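Asks: Could you have a look at this structure, given as structure tokens, before my questions?
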Amino acid sequence: MAEPVAMSACARAITAEEAAFRIDYPLAYARSTRIVAFDESAEAVMRGIADEPWGQARFYTVNATGEQLVTLDGEAVPMAQEIEHSDSVIMLATNGIKADAVAAVGMAARERAIMTAGLLFVDDGELRGETLMAIRPHARILLVPAEHEDLYQLLVAIRA
Amino acid sequence: MLRPDINDLLTQTGPGTPMGDLFRRYWQPVLHTDELPEDGCPPVRAKILSERLIAVRTPEGEYGLMDEFCAHRGVSLFFGRVEEQGIRCPYHGWKYDANGQAIDVPSELNNSEFCANVKLRSYPLVKVGDILWTYMGDPEKQPPLPTWEFATVPSGQTYTSKRIQESNWLQALEGGIDSSHVTWLHGGGPKGTGLEADPLFAGSRGNKYNAGDVKPFFEVVENEGGLLIGARRNAEEGHYYWRVTPWVLPNFTMVPPRGDHPMHGHFWVPIDDENCWAWSFDYHPTRDLTEAEREAMIAGAGVHSKNIPGTYRPVANSENDYLINREKQKTGEWFSGVEGIAIQDSSLQESMGPIVDRTKERLVATDAGIIKARQKLRRAVEALRDKAEEPVGNVPEHQRIRSVAIVLPADQPFVEGIGDAFQAREGVGQTTV
């Protein structure tokens, strides 16, 4: 049995007002987030929010193998290079997911210890097993089915 | 992070607040039945949703829940005398029935006419299972009585405890949804299987999966009454071990089962904006709890807490730093150094402050379940406020729910795999590993 700790000042000095000025140093845009749409329908969802004033978030589509990401301006860039300094990759997909591409991005993220999250939009019918199998091993957390607004809410919440 | 206005929206539950209005569309647990143990027993204070109330049980056996303070001079009716058909204020003798209606004002010559115009705010207080529940909203919108399985199985099959938690309700709820903390905060012991040390968890095959894969993946799935949050770990070749946590709006969560142990879960009920009740329940759908199980629960094992006798305040609390044991923290026997799941949770959730400032948090992608839950809560609040839209979670079809632990083929959506296992069915055992 542990000995009770003598009453400490900080344990009792807790108020809502005080809690509101904890961590009072400026919060930078901490998340260097990469958002990758793996099919055309997912790209449409992504483009719907990409113009918001994000911090360091960058938005891409991807080629069939996943080796190349494509910026919203149409510039092809090497995937491995683009995610190198990110701390989270958000994968967006529907039933039209490019399985090879998601595997390539997912494995690259895993090798670099980059957090991954997946949002599966299934506006076009029932979620297919192959869709799930394609993304499931590569997304540490998966919203399924995801709503379009989930992407915006997630990016706001993680200060992307 | 959350905007300050959204943080206020979700955390304030007093009268007239939007979240308070949402809560007032649900039956909420108020008291154990043994807090009003017999007809004519002393009244009990019951603060909920920032309203100070008094609960009475008249000599005739009628339950009542009304404003704590006498309409005359504001005296607390906690000091009142329970008499036939109601409670009498000892200051000047004003008497109220179980519905808060004044029925005797001795000083007034025209007693009955005067009484007709004096009524304390009151709410229904109804026994379902071993709990007294109240509904504090518009009587015309009153939903059906609660049908949660833990409250409707025979008394021998269920046990409920409560403890006061010195934090806003949302901090507590978010702990119930946040499956990713389990491996850390509740970890410890040989090979990380602190679960094996708890008699209410020990011996489950699921414990081995837990210990064998300490980095679970998560899937968050919409459900009619809220969310299903699946934590996935590797099992045998080609299979995953799933632990599925249901959340039903606004404040009900369950913990996935282990073996044939009783199932458990929580209600997180706002007392006011800086305190809440953590109601904790265990039940078995098909058998009585054993003597050993019940003794363990009373002793504070599993999701329960060891409380200071005669109170609902845990023995390990903020005033004694939750009896943190630095030696066990160092050895890893208890990863956090605090004993017991309930206090491991409360120690950290209370340390965040009464109402954590969510504008300053740094969420990560694995917090998507919490992010989604906040989004659903905000939508429900705004839909009720702006469009008078009925909330979910207050009808039987959303309440007849269970948590699930199951092994499924790797290519199967867990919702499809568990089928109707997450629905409570009378006489059917839980789906568990």
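In the structure tokens, each chain is lettered A, B, ... as it comes, each chain's residues begin at 1, and ligands are numbered from 1 in order of appearance.
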Which residues are near Lys215 of chain B? Cut-off 10 Å, only C-alpha atoms, ignore same chain within fewer than 4 positions. Put them as a list in words.
Replies: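 Once the adjacent positions are removed, what remains is Arg140 of chain A; Ser180, Thr183, Asn210, Ala211, Ala231, Arg232, Arg233 and Asn234 of chain B.
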Asks: Filtering to C-alpha atoms, could you give me those residues as a PDB file, in the first residue's frame?
Replies:
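Okay, part-v1.pdb is ready:
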ATOM      1  CA  ARG A 140      -3.653   3.279 -38.232  1.00  0.00           C
TER       2      ARG A 140
ATOM      3  CA  SER B 180      -5.869   4.184 -27.785  1.00  0.00           C
ATOM      4  CA  THR B 183      -2.513  -0.015 -23.791  1.00  0.00           C
ATOM      5  CA  ASN B 210      -3.767  -7.615 -26.144  1.00  0.00           C
ATOM      6  CA  ALA B 211      -0.331  -8.481 -24.879  1.00  0.00           C
ATOM      7  CA  ALA B 231      -9.728  -1.736 -31.946  1.00  0.00           C
ATOM      8  CA  ARG B 232      -8.035  -4.350 -34.099  1.00  0.00           C
ATOM      9  CA  ARG B 233      -5.110  -6.537 -33.107  1.00  0.00           C
ATOM     10  CA  ASN B 234      -3.417  -9.423 -34.810  1.00  0.00           C
TER      11      ASN B 234
END
Asks: Residues of chain B near chain A: apply a cut-off of 7 Å, count only C-alpha atoms, and supply the list as a list in words.
Replies: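 Written out as asked, the residues are Met1, Leu2, Phe217, Phe218, Glu219, Val220, Val221, Ser318, Glu319, Asn320, Asp321, Leu323, Ile324, Asn325, Gly353, Pro354, Ile355, Val356, Asp357, Lys360, Arg362, Leu363, Val364, Ala365, Thr366, Ala368, Ile371, Asp411 and Gln412 of chain B.
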Asks: As an exercise, work out the distance from atom CA of Phe335 of chain B to atom CA of Leu348 of chain B in Å and give it to one decimal place.
Replies: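 So the answer is 12.9 Å.
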Asks: Could you check the closest approach to Gly203 of chain B for each of B:Asp260, B:Glu361, B:Asp367, B:Glu68 and tell me which residue wins, using only C-alpha atoms?
Replies: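 So, comparing all the options, the nearest one is B:Asp260.
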Asks: So which residues touch Pro139 of chain B within 12 Å, counting only C-alpha atoms, skipping near sequence neighbours fewer than 2 positions away, as a count of residues only?
Replies: 15
Asks: Which parts of chain A does DSSP call strand (DSSP E or B) when run on the backbone here, written out as a ChimeraX atom specification?
Replies: /A:33-37,58-62,68-71,76-78,88-93,115-120,141-143
Asks: Within 12 Å of segment 111-116 of chain B, counting only C-alpha atoms, which residues show up once you throw out same-chain ones fewer than 3 positions away? Write them as number ranges by chain, please.
Replies: B: 71-72, 94-97, 100-108, 119-120
Asks: Restricting the output to all heavy atoms, write the selected residues as a short mmCIF file (atom, residue, chain, number, x, y, z; two decimals), in the first residue's frame.
Replies:
data_model
loop_
_atom_site.label_atom_id
_atom_site.label_comp_id
_atom_site.auth_asym_id
_atom_site.auth_seq_id
_atom_site.Cartn_x
_atom_site.Cartn_y
_atom_site.Cartn_z
N ALA B 71 -39.68 27.28 -1.44
CA ALA B 71 -40.10 28.48 -2.18
C ALA B 71 -40.25 29.69 -1.26
O ALA B 71 -40.22 30.83 -1.71
CB ALA B 71 -41.43 28.19 -2.89
N HIS B 72 -40.38 29.46 0.05
CA HIS B 72 -40.63 30.55 0.98
C HIS B 72 -39.38 31.40 1.21
O HIS B 72 -39.29 32.53 0.76
CB HIS B 72 -41.14 29.95 2.30
CG HIS B 72 -41.41 30.96 3.37
ND1 HIS B 72 -41.24 30.66 4.71
CD2 HIS B 72 -41.83 32.25 3.31
CE1 HIS B 72 -41.57 31.73 5.43
NE2 HIS B 72 -41.93 32.70 4.60
N TRP B 94 -43.81 24.82 5.62
CA TRP B 94 -44.38 24.62 4.28
C TRP B 94 -44.15 23.17 3.86
O TRP B 94 -43.06 22.63 4.05
CB TRP B 94 -43.72 25.56 3.26
CG TRP B 94 -44.09 27.01 3.44
CD1 TRP B 94 -44.35 27.67 4.61
CD2 TRP B 94 -44.21 27.98 2.39
NE1 TRP B 94 -44.62 28.98 4.38
CE2 TRP B 94 -44.55 29.22 3.02
CE3 TRP B 94 -44.07 27.95 1.01
CZ2 TRP B 94 -44.75 30.39 2.30
CZ3 TRP B 94 -44.27 29.12 0.29
CH2 TRP B 94 -44.62 30.33 0.92
N LYS B 95 -45.18 22.60 3.26
CA LYS B 95 -45.10 21.19 2.89
C LYS B 95 -45.37 21.01 1.40
O LYS B 95 -46.25 21.66 0.83
CB LYS B 95 -46.13 20.38 3.71
CG LYS B 95 -46.08 18.88 3.47
CD LYS B 95 -47.03 18.15 4.40
CE LYS B 95 -47.09 16.67 4.09
NZ LYS B 95 -48.03 15.97 5.00
N TYR B 96 -44.61 20.11 0.80
CA TYR B 96 -44.72 19.85 -0.64
C TYR B 96 -44.97 18.36 -0.87
O TYR B 96 -44.45 17.52 -0.13
CB TYR B 96 -43.43 20.23 -1.36
CG TYR B 96 -43.01 21.67 -1.12
CD1 TYR B 96 -42.19 22.00 -0.04
CD2 TYR B 96 -43.43 22.67 -1.97
CE1 TYR B 96 -41.82 23.31 0.19
CE2 TYR B 96 -43.06 24.00 -1.75
CZ TYR B 96 -42.25 24.31 -0.67
OH TYR B 96 -41.89 25.62 -0.45
N ASP B 97 -45.73 18.06 -1.90
CA ASP B 97 -45.89 16.65 -2.26
C ASP B 97 -44.72 16.20 -3.14
O ASP B 97 -43.80 16.99 -3.42
CB ASP B 97 -47.25 16.38 -2.92
CG ASP B 97 -47.39 16.97 -4.32
OD1 ASP B 97 -46.36 17.39 -4.92
OD2 ASP B 97 -48.53 17.02 -4.83
N GLY B 100 -43.53 18.37 -5.94
CA GLY B 100 -43.12 19.73 -5.64
C GLY B 100 -44.27 20.70 -5.44
O GLY B 100 -44.07 21.90 -5.24
N GLN B 101 -45.49 20.19 -5.48
CA GLN B 101 -46.66 21.04 -5.29
C GLN B 101 -46.85 21.32 -3.79
O GLN B 101 -46.86 20.39 -2.98
CB GLN B 101 -47.91 20.34 -5.84
CG GLN B 101 -49.21 21.10 -5.64
CD GLN B 101 -49.23 22.40 -6.44
OE1 GLN B 101 -49.00 22.39 -7.65
NE2 GLN B 101 -49.49 23.52 -5.76
N ALA B 102 -46.97 22.62 -3.45
CA ALA B 102 -47.24 22.95 -2.05
C ALA B 102 -48.61 22.41 -1.67
O ALA B 102 -49.59 22.60 -2.41
CB ALA B 102 -47.19 24.45 -1.85
N ILE B 103 -48.68 21.74 -0.52
CA ILE B 103 -49.97 21.18 -0.09
C ILE B 103 -50.35 21.67 1.31
O ILE B 103 -51.45 21.41 1.78
CB ILE B 103 -49.97 19.63 -0.13
CG1 ILE B 103 -48.79 19.05 0.65
CG2 ILE B 103 -49.96 19.14 -1.58
CD1 ILE B 103 -48.81 17.51 0.73
N ASP B 104 -49.45 22.39 1.94
CA ASP B 104 -49.80 22.95 3.25
C ASP B 104 -48.87 24.12 3.56
O ASP B 104 -47.65 23.96 3.55
CB ASP B 104 -49.66 21.87 4.34
CG ASP B 104 -50.17 22.34 5.69
OD1 ASP B 104 -50.98 23.30 5.72
OD2 ASP B 104 -49.75 21.76 6.72
N VAL B 105 -49.46 25.30 3.77
CA VAL B 105 -48.69 26.47 4.20
C VAL B 105 -49.41 26.99 5.45
O VAL B 105 -50.37 27.75 5.35
CB VAL B 105 -48.63 27.54 3.10
CG1 VAL B 105 -47.86 28.77 3.60
CG2 VAL B 105 -47.94 26.99 1.85
N PRO B 106 -49.00 26.53 6.60
CA PRO B 106 -49.78 26.75 7.84
C PRO B 106 -50.04 28.21 8.17
O PRO B 106 -51.07 28.53 8.78
CB PRO B 106 -48.90 26.10 8.93
CG PRO B 106 -48.04 25.13 8.20
CD PRO B 106 -47.80 25.72 6.85
N SER B 107 -49.18 29.10 7.76
CA SER B 107 -49.35 30.50 8.14
C SER B 107 -50.49 31.19 7.38
O SER B 107 -50.95 32.25 7.77
CB SER B 107 -48.05 31.26 7.90
OG SER B 107 -47.72 31.22 6.53
N GLU B 108 -50.90 30.60 6.27
CA GLU B 108 -51.88 31.25 5.42
C GLU B 108 -53.31 30.85 5.80
O GLU B 108 -53.60 29.66 5.97
CB GLU B 108 -51.63 30.90 3.96
CG GLU B 108 -50.33 31.47 3.43
CD GLU B 108 -50.28 32.98 3.54
OE1 GLU B 108 -51.16 33.65 2.98
OE2 GLU B 108 -49.35 33.50 4.22
N LYS B 119 -45.44 26.02 -6.47
CA LYS B 119 -44.95 24.70 -6.91
C LYS B 119 -43.46 24.79 -7.19
O LYS B 119 -43.01 25.69 -7.92
CB LYS B 119 -45.68 24.22 -8.17
CG LYS B 119 -45.27 22.80 -8.57
CD LYS B 119 -46.02 22.30 -9.79
CE LYS B 119 -45.69 20.83 -10.10
NZ LYS B 119 -44.26 20.55 -10.17
N LEU B 120 -42.72 23.88 -6.63
CA LEU B 120 -41.30 23.79 -6.92
C LEU B 120 -41.11 23.07 -8.25
O LEU B 120 -41.90 22.18 -8.61
CB LEU B 120 -40.58 23.00 -5.82
CG LEU B 120 -40.64 23.57 -4.42
CD1 LEU B 120 -39.94 22.63 -3.44
CD2 LEU B 120 -40.02 24.96 -4.35
#
